[in-house]
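So the structure is just underneath, and the comments pick up after that.
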Amino acid sequence: MLKKRTNLRRRLAWMISAGALAVLSGQAGAEYGDVVINNYSDQAGMRPAVFPHWFHRIRFRCKVCHADLGFKFQAGGNDITMLKIIDGEYCGACHNGDVAWSVENCDLCHSGKPGTKTQVHESTLQKLVAPAGK
Amino acid sequence: MKLPKPRLSLALLSALLAGTVGAQWLPLGKDQVHDPQSPVIDILQAPGEALSQLPPDDAGNHVRWVDALRGGYIQPRSTIFDNTQVRLLDQDIVMRNTGSAAYVRFPHRVHTEWLDCSNCHDYLFQRKAGATRMNMLGILSGEACGRCHGAVAFPLTDCKRCHSVPADGQVGQ
């Protein structure tokens, strides 16, 4: 009887741990600093754009985008449109087929889960206060 | 069936909470941000492929970005236009109004290796040391240092990386 109860307790502990693991793994995910930009994408029937900071900072110092190109330090704070990009502003300063892939490769940037809101992911505030938003 | 004691699962759980397992460099299709149905999911570079080659850290991207830069592991471009310049400043500021926490040493040098003066001055910080009021609540909400730290630069949970000067030790600005 005592043995049975101990085993039940162990089984419960396993289940709780496994459940917590599943929940937590489900929440964590995006790479630190990934920005989803969905100012207009959902309405336009496109997947939102994903901007991976990690990928870009391997290749460019922060100043290139945030000083020279004028990107504000605020996810969603830049009114980026495809027209501006095609005109060479914002992402279009590099994504022009010269420095980086050009704009006809829509899916390479617009690769986010539909419905994901504009935000920087895995921020300290998100981690401490609220689960990662959708 | 006799189950083993759930010590391993609890250890795994604590490891996950500490951010050392699971959250590190997931494939893009499993990161909750990329659409697994996207036709490019296998074309885009996976974070682990690049980041595992760089000096390791235990938070954020799990990369010591400053070490990666200084050690020559990465050679990020400083400019894409001809008429822009890189302005380095080798000057530390020590902030002493830190309550019971250690003083903060702000190294201009390492910040100017990544950023331009205009990124912070006078938009986020006044040029005169001590003239900008800031506190951790504001920083956690994305003000001042929190514009980058806690979002892209190392996380705000790494208190001692900024609060690095014991209060009885070095003083001055």
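Lettering and numbering for the structure tokens are positional, with chains as A, B, ... in the shown order, residues counted from 1 in each chain, and ligands counted from 1 in the shown order.
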
Contact set, chain A to chain B: 6 Å, only C-alpha atoms, as a list of chain:residue names: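 Result: A:Trp14, A:Ala28, A:Gly29, A:Ala30, A:Tyr32, A:Gly33, A:Ile58, A:Arg59, A:Phe60, A:Arg61, A:Cys62, A:Lys63, A:Val64, A:Ser111, A:Gly112, A:Lys113, A:Ser123, A:Thr124.
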
Counting only C-alpha atoms, which of A:Phe73, A:Thr116, A:Leu125, A:His95 gets nearest to A:Asp42?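 Looking at the shortest contact to A:Asp42, the residue is A:Thr116.
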
Contacts of stretch 78-93 of chain A within 9 Å, only C-alpha atoms, excl. fewer than 2 positions in-chain, as a PyMOL selection string: (chain A and resi 37+39-40+65+69-76+95-96+99+102-103) or (chain B and resi 80)

Length of the atom CA of B:Met95 to atom CA of B:Val66 vector [Å]: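 Between atom CA of B:Met95 and atom CA of B:Val66 the gap works out to 21.6 Å.
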
What's the separation between atom CA of B:Asp58 and atom CA of B:Ala101, in Å to one decimal place?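 Answer for the atom CA of B:Asp58 to atom CA of B:Ala101 separation: 22.1 Å.
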
As an exercise, work out the distance from atom CA of A:Val50 to atom CA of A:Asn105 in Å and give it to one decimal place.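 Atom CA of A:Asn105 lies at a distance of 13.6 Å from atom CA of A:Val50.
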
Considering only C-alpha atoms, return as a ChimeraX atom specification whatever protein or nucleic-acid residues lie within 8 Å of B:Ala144, sequence-local ones (same chain, fewer than 4 positions apart) excluded. /B:124-125,134,138-139

Got time to write the residues from that selection, N, CA, C and O atoms, as a PDB file, in the first residue's frame?
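What landed in again_33.pdb:
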```pdb
ATOM      1  N   LEU B 124      18.396  60.007 -26.078  1.00  0.00           N
ATOM      2  CA  LEU B 124      18.096  59.222 -24.874  1.00  0.00           C
ATOM      3  C   LEU B 124      18.798  59.777 -23.642  1.00  0.00           C
ATOM      4  O   LEU B 124      18.287  59.660 -22.524  1.00  0.00           O
ATOM      5  N   PHE B 125      19.983  60.350 -23.839  1.00  0.00           N
ATOM      6  CA  PHE B 125      20.800  60.827 -22.712  1.00  0.00           C
ATOM      7  C   PHE B 125      21.359  62.207 -23.033  1.00  0.00           C
ATOM      8  O   PHE B 125      21.860  62.423 -24.140  1.00  0.00           O
ATOM      9  N   MET B 134      17.328  58.539 -14.416  1.00  0.00           N
ATOM     10  CA  MET B 134      16.853  57.224 -14.871  1.00  0.00           C
ATOM     11  C   MET B 134      16.734  56.295 -13.671  1.00  0.00           C
ATOM     12  O   MET B 134      17.365  56.514 -12.640  1.00  0.00           O
ATOM     13  N   GLY B 138      11.960  52.513 -15.202  1.00  0.00           N
ATOM     14  CA  GLY B 138      11.949  53.086 -16.543  1.00  0.00           C
ATOM     15  C   GLY B 138      12.752  52.251 -17.524  1.00  0.00           C
ATOM     16  O   GLY B 138      12.322  51.997 -18.648  1.00  0.00           O
ATOM     17  N   ILE B 139      13.916  51.798 -17.061  1.00  0.00           N
ATOM     18  CA  ILE B 139      14.794  51.007 -17.934  1.00  0.00           C
ATOM     19  C   ILE B 139      14.105  49.695 -18.325  1.00  0.00           C
ATOM     20  O   ILE B 139      14.111  49.288 -19.483  1.00  0.00           O
TER      21      ILE B 139
END
```
